[in-house]
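Participant: What follows is the file start.cif, containing mmCIF, C-alpha atoms:
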data_entry
#
loop_
_atom_site.group_PDB
_atom_site.id
_atom_site.type_symbol
_atom_site.label_atom_id
_atom_site.label_comp_id
_atom_site.auth_asym_id
_atom_site.auth_seq_id
_atom_site.Cartn_x
_atom_site.Cartn_y
_atom_site.Cartn_z
ATOM 1 C CA MET N 1 -2.182 23.026 2.693
ATOM 2 C CA THR N 2 1.234 21.507 2.059
ATOM 3 C CA PRO N 3 1.826 17.779 1.501
ATOM 4 C CA GLN N 4 2.336 15.825 4.733
ATOM 5 C CA PHE N 5 4.033 12.549 5.606
ATOM 6 C CA TRP N 6 3.316 11.193 9.106
ATOM 7 C CA VAL N 7 5.577 8.683 10.848
ATOM 8 C CA ASP N 8 5.025 6.777 14.117
ATOM 9 C CA ALA N 9 7.673 8.229 16.452
ATOM 10 C CA GLU N 10 8.263 4.997 18.365
ATOM 11 C CA ARG N 11 8.393 2.399 15.579
ATOM 12 C CA LEU N 12 9.340 4.710 12.663
ATOM 13 C CA TYR N 13 6.784 3.495 10.147
ATOM 14 C CA MET N 14 4.460 5.550 7.972
ATOM 15 C CA VAL N 15 0.943 6.074 9.288
ATOM 16 C CA ARG N 16 -0.445 8.761 6.986
ATOM 17 C CA MET N 17 0.272 10.779 3.878
ATOM 18 C CA ILE N 18 -1.708 13.778 2.633
ATOM 19 C CA GLU N 19 -1.249 15.015 -0.930
ATOM 20 C CA HIS N 20 -3.056 17.290 -3.336
ATOM 21 C CA GLU N 21 -3.781 16.081 -6.840
ATOM 22 C CA PRO N 22 -3.410 18.316 -9.918
ATOM 23 C CA ASP N 23 -7.202 18.821 -10.044
ATOM 24 C CA GLY N 24 -7.132 20.188 -6.458
ATOM 25 C CA ALA N 25 -8.522 17.062 -4.792
ATOM 26 C CA ARG N 26 -7.096 16.103 -1.401
ATOM 27 C CA MET N 27 -5.798 12.521 -1.187
ATOM 28 C CA ASP N 28 -5.390 11.154 2.332
ATOM 29 C CA SER N 29 -3.662 7.757 2.519
ATOM 30 C CA ARG N 30 -3.736 6.094 5.945
ATOM 31 C CA VAL N 31 -2.014 2.965 7.159
ATOM 32 C CA THR N 32 -4.632 1.795 9.647
ATOM 33 C CA ALA N 33 -2.914 -1.410 10.798
ATOM 34 C CA HIS N 34 0.583 -2.870 10.935
ATOM 35 C CA GLN N 35 1.726 -6.420 11.563
ATOM 36 C CA ARG N 36 5.114 -7.425 12.899
ATOM 37 C CA VAL N 37 6.737 -10.013 10.627
ATOM 38 C CA GLY N 38 10.087 -11.165 11.956
ATOM 39 C CA ASP N 39 12.092 -8.064 12.745
ATOM 40 C CA ILE N 40 10.096 -5.593 10.668
ATOM 41 C CA TRP N 41 6.691 -3.926 10.683
ATOM 42 C CA VAL N 42 4.581 -4.336 7.542
ATOM 43 C CA GLU N 43 1.413 -2.489 6.580
ATOM 44 C CA SER N 44 -1.564 -4.842 6.885
ATOM 45 C CA GLU N 45 -4.400 -2.404 6.196
ATOM 46 C CA MET N 46 -4.550 0.826 4.219
ATOM 47 C CA THR N 47 -7.366 3.285 3.601
ATOM 48 C CA PHE N 48 -7.448 5.837 0.793
ATOM 49 C CA ILE N 49 -9.671 8.893 1.216
ATOM 50 C CA ARG N 50 -10.289 11.440 -1.538
ATOM 51 C CA ASN N 51 -11.928 14.716 -0.555
ATOM 52 C CA GLY N 52 -13.206 13.168 2.671
ATOM 53 C CA GLN N 53 -14.750 10.071 1.041
ATOM 54 C CA GLU N 54 -13.209 6.615 1.382
ATOM 55 C CA ILE N 55 -12.505 5.344 -2.113
ATOM 56 C CA GLN N 56 -10.479 2.217 -1.400
ATOM 57 C CA ARG N 57 -9.502 -0.049 1.473
ATOM 58 C CA GLU N 58 -6.807 -2.696 1.217
ATOM 59 C CA ILE N 59 -6.399 -5.495 3.772
ATOM 60 C CA TYR N 60 -3.412 -7.807 3.438
ATOM 61 C CA HIS N 61 -3.411 -11.415 4.675
ATOM 62 C CA GLU N 62 -0.755 -14.115 4.962
ATOM 63 C CA ILE N 63 2.082 -11.594 4.884
ATOM 64 C CA ARG N 64 5.487 -13.162 4.291
ATOM 65 C CA VAL N 65 8.879 -11.486 4.135
ATOM 66 C CA ASN N 66 11.642 -12.686 1.797
ATOM 67 C CA PRO N 67 9.833 -15.730 0.358
ATOM 68 C CA ALA N 68 11.713 -17.986 -2.039
ATOM 69 C CA LEU N 69 10.878 -17.000 -5.615
ATOM 70 C CA ASP N 70 11.296 -19.073 -8.750
ATOM 71 C CA PRO N 71 13.875 -17.273 -10.949
ATOM 72 C CA ALA N 72 11.553 -17.884 -13.942
ATOM 73 C CA THR N 73 9.219 -15.295 -12.428
ATOM 74 C CA PHE N 74 11.550 -12.602 -13.771
ATOM 75 C CA LEU N 75 12.051 -13.974 -17.290
ATOM 76 C CA PRO N 76 10.099 -11.914 -19.834
ATOM 77 C CA VAL N 77 9.734 -14.916 -22.184
ATOM 78 C CA SER N 78 7.438 -16.615 -19.648
ATOM 79 C CA TYR N 79 5.055 -13.627 -19.583
ATOM 80 C CA ARG N 80 1.704 -14.033 -21.240
ATOM 81 C CA ARG N 81 -0.970 -11.407 -21.583
ATOM 82 C CA PRO N 82 -3.922 -11.980 -19.212
ATOM 83 C CA GLU N 83 -6.997 -13.233 -21.031
ATOM 84 C CA TRP N 84 -9.225 -10.474 -19.642
ATOM 85 C CA ILE N 85 -7.143 -7.754 -21.346
ATOM 86 C CA GLY N 86 -7.940 -8.950 -24.849
ATOM 87 C CA PRO N 87 -5.916 -8.477 -28.045
#
How does this structure look as structure tokens?
Facilitator:
Amino acid sequence: MTPQFWVDAERLYMVRMIEHEPDGARMDSRVTAHQRVGDIWVESEMTFIRNGQEIQREIYHEIRVNPALDPATFLPVSYRRPEWIGP
């Protein structure tokens, strides 16, 4: 089977993508819900299925588009390694 990329014909957003991994496994990624935020549609729920078994589900809440960001967010000097990673 060839890779597939499915798009909703009316709203033109992705609804599904099927790929094959190097080990031969089939990965089926599905956008199971969308939410309209302003003038755009944003994925609000995604399901990932590997070889027919759901392996992950992501549900997004409090979706905001173009929020104001502190410029310091992008300065590498303010980065610190998360404590759970360890030395």
Participant: Kindly give the distance, in Å, that separates atom CA of Asp8 of chain N and atom CA of Met46 of chain N, rounded to a single decimal.
Facilitator: 15.0 Å
Participant: Any chance you could resolve the PyMOL selection byres ((chain N and resi 47) around 10) against this file and give the residues as a PyMOL selection string?
Facilitator: chain N and resi 16+28-33+45-46+48-49+54-59
Participant: Closest to Tyr60 of chain N among N:His20, N:Gln35, N:Val7, N:Val77, using all atoms listed in the file?
Facilitator: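 Using all atoms listed in the file, Tyr60 of chain N sits closest to N:Gln35.
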Participant: Taking only C-alpha atoms into account, which of N:Arg26, N:His61, N:Arg81, N:Arg11 comes nearest Ile40 of chain N?
Facilitator: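 Looking only at the distances to Ile40 of chain N, the closest residue turns out to be N:Arg11.
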Participant: Pick out the residues sitting within 10 Å of Phe5 of chain N, and hand them over as a PyMOL selection string; count all atoms listed in the file, and ignore anything fewer than 5 positions along from it in its own chain.
Facilitator: chain N and resi 14-19+29
Participant: Rank nothing, just name the residue among N:Met27, N:Ala68, N:Glu62, N:Ser78 nearest to Glu43 of chain N, using only C-alpha atoms.
Facilitator: N:Glu62
Participant: Between N:Asn51, N:Thr73, N:Thr2, N:Ser44, which has the minimum distance to Ala25 of chain N (counting all atoms listed in the file)?
Facilitator: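 Using all atoms listed in the file, the shortest distance to Ala25 of chain N belongs to N:Asn51.
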Participant: Is it possible to get the residues within 10 Å of (9.2, -12.9, 4.8) (coordinates as in the file, counting all atoms listed in the file) written as a list in words?
Facilitator: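 The residues near that point, listed by chain and number, are Val37, Gly38, Asp39, Ile40, Ile63, Arg64, Val65, Asn66, Pro67 and Ala68 of chain N.
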Participant: So how far away is atom CA of Trp41 of chain N from atom CA of Tyr13 of chain N, in Å?
Facilitator: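 That distance, rounded to one decimal, is 7.4 Å.
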Participant: Quick one: pull the distance between atom CA of Val42 of chain N and atom CA of Ala9 of chain N, Å, one decimal.
Facilitator: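 Atom CA of Val42 of chain N sits 15.7 Å away from atom CA of Ala9 of chain N.
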